[in-house]
Structure formats: structure tokens, C-alpha cells
Amino acid sequence: MRGQDDERQGGRHGGRGPLGAAELGAEPGERASLVQFSSAFCQPCRATRRILAEVAGMVEGVAHIEIDAEDRLELVRSLGIEKTPTVLVLDAAGRIVRQAAGMPRKADVIAALGAAV
């Protein structure tokens, strides 16, 4: 994905274990999850929401989960998220395989999703 991309296996979540429903506040996808950290007045977050929802709708077993960064500060800090929107691509086990800040392009999301499924 474009933006401040962290393509290292496992992302930047400080050695934290996989992210599941308890951490995400929603059920992850069977194959992968697109996790979006947003804030209320973030214009790029709205466009990012549309892009991720569209991609998740195209690929069976992929969930789009949006998290309000202000409501989940502990999780935001533990993952090292510094701006919104930030998108995490999780594999089926809940491991971060890609992380990028800023509004992604649809083609980049699809490519990043390929690393997870």
C-alpha cells in the first residue's frame, strides 16, 4: 500500500500477538481482515472506508473493520499508530502483514491483500 508503508512481516506492533475479535471489537475475516483506524473529522478516512469496504466485498472471507482511534487509544499506542487513516492488513491468523498510513489506492489494497490470503 502507498503511504508510510511497513512491509516487514508482523508490522510494527511491538511483538504483540495476533489481533483477534477481542482486540478489534469485531469478528475478523476467515481469510484476511482490512483494519482501518479512523478519527471523526478525518476526510481521508471516509474515502478509505469506501475503498476498503469495496475491496472486502470483492474477496470472499475478507472483513473490513473500522476502529475509532480516539476510542481505542491503548490499542493505537500499542500498535504505534501515529495518524489516521492507518490501515492494517491481517492474515487469517490475525498477524499484521502490511501497515500503511494515509489514504490507500484501491489497487494497492488489493495487492497488499494478496500478501495475506
# chains A, B, ... in the order shown; residues from 1 in each chain; ligands from 1

call {"tool": "select_by_dssp", "arguments": {"residues": "chain A", "states": "strand (DSSP E or B)", "output": "ChimeraX atom specification"}}
result
/A:4-6,32-38,62-68,86-91,96-101

call {"tool": "residues_around", "arguments": {"residues": "Pro44 of chain A", "least_positions_apart": "3", "cutoff": "12 Å", "atoms": "only C-alpha atoms", "output": "VMD selection string"}}
result
chain A and resid 36 to 41 47 to 51 83 to 87 101 to 105

call {"tool": "select_by_dssp", "arguments": {"residues": "chain A", "states": "alpha helix (DSSP H)", "output": "PyMOL selection string"}}
result
chain A and resi 21-24+43-58+73-79+106-114

call {"tool": "residues_around", "arguments": {"residues": "segment 58-72 of chain A", "least_positions_apart": "3", "cutoff": "9 Å", "atoms": "only C-alpha atoms", "output": "PyMOL selection string"}}
result
chain A and resi 24-40+49+52-55+75-77+81+83-84+92+113+117

call {"tool": "atom_distance", "arguments": {"atom1": "atom CA of Gly114 of chain A", "atom2": "atom CA of Leu19 of chain A"}}
result
18.8 Å

call {"tool": "closest_residue", "arguments": {"among": "A:Ser78, A:Gly57, A:Leu90, A:Ala21", "to": "Ala112 of chain A", "atoms": "only C-alpha atoms"}}
result
A:Leu90

call {"tool": "atom_distance", "arguments": {"atom1": "atom CA of Ala22 of chain A", "atom2": "atom CA of Val89 of chain A"}}
result
16.9 Å
